[in-house]
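Pasted below: final22.txt, compact mmCIF, C-alpha atoms.
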# COMPACT_ATOMS: atom_id res chain seq x y z
CA MET A 1 -16.35 16.97 4.54
CA SER A 2 -18.55 19.77 5.80
CA GLN A 3 -19.22 22.73 3.55
CA LYS A 4 -17.51 25.08 6.01
CA THR A 5 -14.19 23.29 6.29
CA VAL A 6 -13.74 21.68 2.87
CA PRO A 7 -10.08 22.44 2.00
CA ARG A 8 -9.16 24.19 -1.19
CA ARG A 9 -7.12 21.99 -3.50
CA ASP A 10 -4.57 24.70 -4.32
CA ILE A 11 -2.25 24.04 -1.36
CA PRO A 12 -0.19 21.24 -3.00
CA ASP A 13 0.13 23.32 -6.17
CA ARG A 14 1.33 26.36 -4.22
CA LEU A 15 3.91 24.39 -2.24
CA ARG A 16 5.28 22.09 -4.95
CA VAL A 17 8.75 22.88 -6.28
CA ARG A 18 8.60 22.89 -10.07
CA PRO A 19 11.29 20.74 -11.73
CA GLY A 20 14.33 22.85 -12.53
CA SER A 21 13.04 25.94 -10.74
CA ARG A 22 15.12 28.03 -8.37
CA THR A 23 13.54 28.12 -4.92
CA LYS A 24 14.59 30.79 -2.43
CA LEU A 25 14.07 29.98 1.25
CA LEU A 26 13.03 33.38 2.56
CA ASP A 27 12.26 33.68 6.26
CA SER A 28 9.08 35.59 5.46
CA ASP A 29 7.74 32.58 3.55
CA ALA A 30 7.83 30.38 6.65
CA ASP A 31 4.86 32.34 8.07
CA ARG A 32 2.58 31.95 5.05
CA CYS A 33 -0.86 30.44 5.56
CA PHE A 34 -2.54 31.45 2.27
CA GLY A 35 -5.54 33.04 3.92
CA TRP A 36 -6.34 30.13 6.24
CA GLU A 37 -7.35 30.87 9.81
CA LYS A 38 -6.33 28.61 12.66
CA GLU A 39 -9.78 27.35 13.65
CA LYS A 40 -10.84 26.45 10.12
CA ALA A 41 -7.49 24.89 9.30
CA MET A 42 -7.58 22.69 12.40
CA ALA A 43 -11.11 21.52 11.56
CA ALA A 44 -10.03 20.76 7.99
CA THR A 45 -6.97 18.90 9.28
CA ALA A 46 -9.15 16.62 11.42
CA GLU A 47 -11.22 15.76 8.35
CA ASN A 48 -8.07 15.28 6.28
CA LEU A 49 -6.68 12.80 8.81
CA ALA A 50 -9.86 10.76 8.61
CA ARG A 51 -9.55 10.78 4.81
CA LEU A 52 -5.89 9.70 4.99
CA GLU A 53 -6.89 6.74 7.15
CA GLU A 54 -9.36 5.70 4.44
CA LEU A 55 -6.81 6.13 1.66
CA GLN A 56 -4.22 4.07 3.52
CA TYR A 57 -6.73 1.27 3.99
CA LYS A 58 -7.59 1.35 0.30
CA MET A 59 -3.91 1.21 -0.71
CA TYR A 60 -3.33 -1.67 1.70
CA ALA A 61 -6.25 -3.58 0.19
CA ASP A 62 -5.15 -2.76 -3.35
CA GLN A 63 -1.59 -4.10 -2.87
CA ARG A 64 -0.35 -2.53 -6.13
CA PHE A 65 1.19 0.69 -4.81
CA ALA A 66 3.35 1.98 -1.96
CA MET A 67 4.28 5.45 -0.75
CA LEU A 68 7.61 6.73 0.55
CA ILE A 69 7.47 10.08 2.36
CA ALA A 70 10.77 11.85 3.10
CA LEU A 71 10.75 14.61 5.74
CA GLN A 72 13.60 17.11 5.87
CA ALA A 73 14.04 20.28 7.95
CA ILE A 74 16.64 22.24 9.82
CA ASP A 75 17.03 21.39 13.51
CA GLY A 76 13.87 22.37 15.35
CA GLY A 77 11.86 22.29 12.12
CA GLY A 78 9.17 20.00 13.50
CA LYS A 79 9.74 16.63 11.86
CA ASP A 80 8.97 14.64 15.00
CA SER A 81 5.80 16.53 15.86
CA THR A 82 4.59 16.33 12.25
CA ILE A 83 5.03 12.56 12.39
CA ARG A 84 3.05 12.39 15.63
CA ARG A 85 0.27 14.76 14.62
CA VAL A 86 -0.24 13.90 10.93
CA PHE A 87 1.19 10.45 10.28
CA GLY A 88 -0.47 9.20 13.42
CA ALA A 89 -3.58 8.95 11.25
CA PHE A 90 -2.11 5.85 9.61
CA ASN A 91 -2.52 2.33 10.95
CA PRO A 92 0.94 1.42 12.30
CA GLN A 93 0.56 -2.10 10.88
CA GLY A 94 0.97 -0.60 7.41
CA CYS A 95 3.25 2.37 8.13
CA THR A 96 6.87 2.40 9.24
CA VAL A 97 8.93 5.38 10.42
CA THR A 98 12.71 5.30 10.03
CA ALA A 99 15.05 7.95 11.43
CA PHE A 100 18.30 8.20 9.49
CA LYS A 101 21.16 9.36 11.67
CA ALA A 102 24.90 8.95 11.19
CA PRO A 103 25.64 5.80 9.17
CA SER A 104 26.87 2.76 11.07
CA ALA A 105 30.09 0.90 10.36
CA GLU A 106 28.03 -1.66 8.43
CA ASP A 107 26.34 1.09 6.41
CA LEU A 108 29.72 2.54 5.45
CA ARG A 109 30.79 -0.79 3.97
CA HIS A 110 28.04 -0.42 1.34
CA ASP A 111 27.02 2.23 -1.16
CA TYR A 112 25.35 5.23 0.47
CA LEU A 113 21.87 4.26 -0.74
CA TRP A 114 22.05 0.72 0.66
CA ARG A 115 20.63 1.62 4.06
CA ILE A 116 17.91 3.71 2.40
CA HIS A 117 16.72 1.10 -0.09
CA LYS A 118 16.24 -1.61 2.50
CA HIS A 119 13.69 0.61 4.28
CA ALA A 120 11.65 1.35 1.14
CA PRO A 121 8.03 0.26 1.62
CA PRO A 122 6.55 -2.94 0.20
CA ARG A 123 3.43 -2.56 -1.93
CA GLY A 124 0.39 -1.70 0.12
CA GLU A 125 2.39 0.13 2.78
CA ILE A 126 3.76 3.57 3.69
CA ALA A 127 7.31 4.40 4.78
CA VAL A 128 8.11 7.70 6.47
CA PHE A 129 11.75 8.82 6.53
CA ASN A 130 12.77 11.22 9.31
CA ARG A 131 15.71 12.66 7.39
CA SER A 132 16.58 10.63 4.34
CA HIS A 133 18.98 9.91 1.49
CA TYR A 134 19.23 13.68 1.02
CA GLU A 135 21.58 13.86 3.99
CA ASP A 136 24.16 12.54 1.53
CA VAL A 137 24.01 15.80 -0.45
CA LEU A 138 23.48 18.02 2.61
CA ILE A 139 25.60 17.04 5.62
CA VAL A 140 28.41 15.50 3.60
CA ARG A 141 28.63 18.63 1.44
CA VAL A 142 28.54 21.19 4.24
CA ASN A 143 30.97 19.30 6.44
CA ASP A 144 33.32 18.27 3.60
CA LEU A 145 32.94 14.58 4.39
CA VAL A 146 33.43 13.53 0.77
CA PRO A 147 35.04 15.28 -2.22
CA GLU A 148 32.96 17.48 -4.51
CA ASP A 149 33.32 15.08 -7.43
CA VAL A 150 31.60 12.45 -5.22
CA TRP A 151 28.68 14.43 -3.76
CA SER A 152 28.00 16.32 -7.00
CA ARG A 153 27.19 13.04 -8.79
CA ARG A 154 24.76 12.02 -6.08
CA TYR A 155 21.98 14.37 -7.18
CA GLU A 156 21.48 12.43 -10.40
CA GLN A 157 22.04 9.09 -8.65
CA ILE A 158 19.25 9.98 -6.23
CA ASN A 159 17.01 10.99 -9.13
CA GLU A 160 17.64 7.60 -10.73
CA PHE A 161 16.96 5.80 -7.44
CA GLU A 162 13.64 7.60 -7.09
CA ARG A 163 12.83 6.91 -10.73
CA LEU A 164 13.37 3.21 -10.04
CA LEU A 165 10.98 3.35 -7.07
CA ASP A 166 8.39 5.17 -9.15
CA ALA A 167 8.68 2.59 -11.93
CA CYS A 168 7.95 -0.08 -9.32
CA ASN A 169 4.75 1.71 -8.18
CA THR A 170 6.24 3.43 -5.13
CA ARG A 171 5.13 7.05 -5.02
CA VAL A 172 7.91 9.25 -3.59
CA VAL A 173 6.83 12.42 -1.78
CA LYS A 174 9.41 14.77 -0.29
CA ILE A 175 8.48 17.43 2.25
CA PHE A 176 10.71 20.19 3.57
CA LEU A 177 9.42 21.94 6.69
CA GLN A 178 10.55 25.56 6.52
CA ILE A 179 10.91 27.65 9.67
CA SER A 180 12.52 31.06 10.01
CA LYS A 181 15.69 31.84 11.96
CA ASP A 182 13.65 33.58 14.67
CA GLU A 183 11.28 30.64 15.00
CA GLN A 184 14.17 28.20 15.20
CA LEU A 185 15.73 30.33 17.93
CA ALA A 186 12.46 30.34 19.86
CA ARG A 187 12.13 26.54 19.59
CA PHE A 188 15.74 25.65 20.05
CA GLN A 189 17.32 28.40 22.12
CA GLU A 190 19.86 26.28 23.97
CA ARG A 191 21.00 24.14 21.05
CA LEU A 192 20.69 26.45 18.09
CA ALA A 193 22.31 24.64 15.21
CA ASP A 194 24.64 26.25 12.73
CA ARG A 195 22.38 26.75 9.73
CA ARG A 196 25.27 27.75 7.46
CA LYS A 197 23.59 28.79 4.21
CA ASN A 198 20.24 27.90 2.71
CA TRP A 199 22.00 27.12 -0.56
CA LYS A 200 22.45 23.49 0.46
CA PHE A 201 18.67 23.02 0.48
CA GLU A 202 18.03 25.23 -2.55
CA ALA A 203 20.42 23.16 -4.67
CA MET A 204 18.63 20.02 -3.51
CA PHE A 205 15.26 21.41 -4.64
CA ALA A 206 16.59 22.67 -7.96
CA ARG A 207 18.24 19.39 -8.90
CA CYS A 208 15.95 16.79 -7.34
CA SER A 209 12.35 17.98 -7.58
CA THR A 210 10.87 15.91 -10.39
CA GLU A 211 7.45 14.97 -11.71
CA HIS A 212 7.82 11.44 -10.32
CA ALA A 213 9.24 12.57 -6.94
CA PRO A 214 8.28 16.17 -6.15
CA TRP A 215 9.59 18.34 -3.34
CA TYR A 216 7.12 20.41 -1.31
CA VAL A 217 8.27 23.35 0.81
CA VAL A 218 5.80 23.70 3.67
CA PRO A 219 5.67 26.92 5.73
CA ALA A 220 6.11 25.55 9.24
CA ASN A 221 6.32 28.50 11.63
CA ARG A 222 2.63 28.01 12.41
CA LYS A 223 2.27 24.38 13.48
CA TRP A 224 -1.47 24.33 12.83
CA PHE A 225 -0.92 25.38 9.22
CA ARG A 226 1.99 22.95 8.83
CA ASP A 227 -0.23 20.04 9.89
CA PHE A 228 -3.01 21.14 7.58
CA ALA A 229 -0.71 21.63 4.59
CA VAL A 230 1.06 18.29 5.04
CA SER A 231 -2.24 16.42 5.41
CA GLN A 232 -3.64 18.23 2.36
CA LEU A 233 -0.72 17.46 0.08
CA LEU A 234 -0.66 13.82 1.20
CA ILE A 235 -4.32 13.47 0.20
CA TYR A 236 -3.42 14.98 -3.17
CA GLU A 237 -0.56 12.50 -3.64
CA PHE A 238 -2.70 9.51 -2.67
CA GLU A 239 -5.35 10.64 -5.14
CA GLN A 240 -2.79 10.54 -7.96
CA LEU A 241 -2.73 6.76 -7.56
CA PRO A 242 -5.49 4.73 -9.26
CA LEU A 243 -6.34 2.91 -6.05
CA ARG A 244 -9.13 0.35 -6.05
CA PHE A 245 -10.48 -2.33 -3.80
CA PRO A 246 -9.81 -5.79 -5.22
CA ALA A 247 -12.75 -7.74 -6.54
CA PRO A 248 -13.80 -10.61 -4.23
CA ASN A 249 -12.74 -14.07 -5.36
CA PHE A 250 -16.06 -15.53 -4.27
CA ASP A 251 -19.72 -14.80 -4.76
CA PRO A 252 -20.98 -12.95 -1.66
CA LYS A 253 -24.51 -14.21 -2.44
CA SER A 254 -23.32 -17.77 -1.92
CA ILE A 255 -22.60 -17.15 1.76
CA LYS A 256 -25.41 -18.20 4.05
CA LEU A 257 -25.50 -16.99 7.63
CA VAL A 258 -27.00 -19.49 10.04

This entry written out as structure tokens:
Amino acid sequence: MSQKTVPRRDIPDRLRVRPGSRTKLLDSDADRCFGWEKEKAMAATAENLARLEELQYKMYADQRFAMLIALQAIDGGGKDSTIRRVFGAFNPQGCTVTAFKAPSAEDLRHDYLWRIHKHAPPRGEIAVFNRSHYEDVLIVRVNDLVPEDVWSRRYEQINEFERLLDACNTRVVKIFLQISKDEQLARFQERLADRRKNWKFEAMFARCSTEHAPWYVVPANRKWFRDFAVSQLLIYEFEQLPLRFPAPNFDPKSIKLV
């Protein structure tokens, strides 16, 4: 990276939700950019995307680790555009994107994590979830789809599910794209969703941000900063894995080109 655009490494630390902490989703926080200016952030993002392409290739070659990235946001929060603009850096042969909408009749015949687990990535690959298993402590709670004694147990069940993935070398990274009410209105004027209360997300962060599967709250009013921050924290998460290229099973010197 050039000297002018080399990103500071404090962005993931600033955005990570500490286990057990109480996060408040204030509208003013959705505009934060931590001193970054648009031009420099966009240049750094371009370099970050090139780095992510390299890290994906290394993980694919390594074949010991996988990464699951869960994206959550309110309606209009920018999940789709983040997938296009940031996750487009990955080779699609080793990266899948799954959008979780209302469960099908077949899904409802199984436990609520069944449809999630079957889309978890194999080693060497990346899976991106557009919405995720957290809908089962968000939508079902707000809309009273299941009793409290059912959804309240799901926080710890989800923690255990993510602990299982981590134990099997799948790094779980969870990103919440935060936009303000005014920004949502500007993006989504005709179909402004009922946001209800932010407590449904805050409870999710407090109970399910862990060392093995952290939540990051990304200020997303400014799309250029959102893209930079997401690319920066993904690099950080990749670099937590001891990735290596496998040793060749032959002696390169023995190959003669004729």

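CA of Asp166 in chain A is positioned 23.9 Å from CA of Asp10 in chain A.
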
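Checking A:Glu148, A:Asp62, A:Glu156, A:Glu47 one by one against Glu125 in chain A, counting only C-alpha atoms, you find the shortest gap at A:Asp62.
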
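Between CA of Tyr236 in chain A and CA of Pro12 in chain A the interatomic distance comes to 7.0 Å.
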
> Which is closer to Phe201 in chain A than all the others in A:Arg187, A:Arg22, A:Arg153, A:His119, using only C-alpha atoms?
Replying inline: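 Checking each of A:Arg187, A:Arg22, A:Arg153, A:His119 against Phe201 in chain A, counting only C-alpha atoms, the winner is A:Arg22.
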
Using 9 Å as the limit and counting only C-alpha atoms, can you tabulate each residue of range 12-64 of chain A that touches range 217-233 of chain A, with its shortest atom-to-atom distance in Å and the two atoms involved, as a tab-separated table?
residue	atom	partner	partner_atom	distance
A:Pro12	CA	A:Leu233	CA	4.9
A:Asp13	CA	A:Leu233	CA	8.6
A:Leu15	CA	A:Val217	CA	5.4
A:Arg16	CA	A:Val217	CA	6.6
A:Val17	CA	A:Val217	CA	7.1
A:Leu25	CA	A:Val217	CA	8.8
A:Asp29	CA	A:Pro219	CA	6.4
A:Ala30	CA	A:Pro219	CA	4.2
A:Asp31	CA	A:Asn221	CA	5.4
A:Arg32	CA	A:Pro219	CA	5.9
A:Cys33	CA	A:Phe225	CA	6.2
A:Trp36	CA	A:Phe225	CA	7.8
A:Glu37	CA	A:Phe225	CA	8.5
A:Lys38	CA	A:Trp224	CA	6.5
A:Glu39	CA	A:Trp224	CA	8.9
A:Ala41	CA	A:Phe228	CA	6.1
A:Met42	CA	A:Trp224	CA	6.3
A:Ala44	CA	A:Phe228	CA	7.0
A:Thr45	CA	A:Phe228	CA	4.9
A:Ala46	CA	A:Phe228	CA	8.5
A:Asn48	CA	A:Ser231	CA	6.0
A:Leu49	CA	A:Ser231	CA	6.7
A:Leu52	CA	A:Ser231	CA	7.7

> So which one's closest to Gly78 in chain A, A:Glu106, A:Glu237, A:Glu183, A:Glu160? Using only C-alpha atoms, please.
Replying inline: A:Glu183

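Going from CA of Asn159 in chain A over to CA of Cys208 in chain A, you cover 6.2 Å.
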
>> When you look at Ile158 in chain A with a cut-off of 10 Å (counting all atoms listed in the file), what residues show up, excluding the ones that are within fewer than 2 positions of it in the same chain? I need them as a PyMOL selection string.
In response: chain A and resi 113+133-134+136-137+153-156+160-164+207-208

> Can you tell me, as an MDAnalysis selection string, what residues are no more than 6 Å from Ile175 in chain A when counting all atoms listed in the file, ignoring any on the same chain fewer than 5 positions away?
Replying inline: chainID A and resid 71 215:216

> Given the choices A:Ser209, A:Asn249, A:Asn91, A:Thr98, which gets closest to Leu68 in chain A if the distance is worked out from all atoms listed in the file?
Replying inline: A:Thr98

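Between Arg84 in chain A and the residues A:Val128, A:Val172, A:Ala120, A:Gln72, the shortest atom-to-atom distance, using all atoms listed in the file, involves A:Val128.
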
> Restricting the calculation to only C-alpha atoms, which member of A:Gln184, A:Asn130, A:Thr96, A:Ser104 is positioned closest to Gly76 in chain A?
Replying inline: A:Gln184

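Using all atoms listed in the file, the protein and nucleic acid residues lying no more than 10 Å from Tyr60 in chain A, apart from those fewer than 4 places from it along its own chain, are Glu54, Leu55, Gln56, Arg64, Phe65, Ala66, Gln93, Gly94, Arg123, Gly124, Glu125, Ile126, Leu243, Arg244 and Phe245 of chain A.
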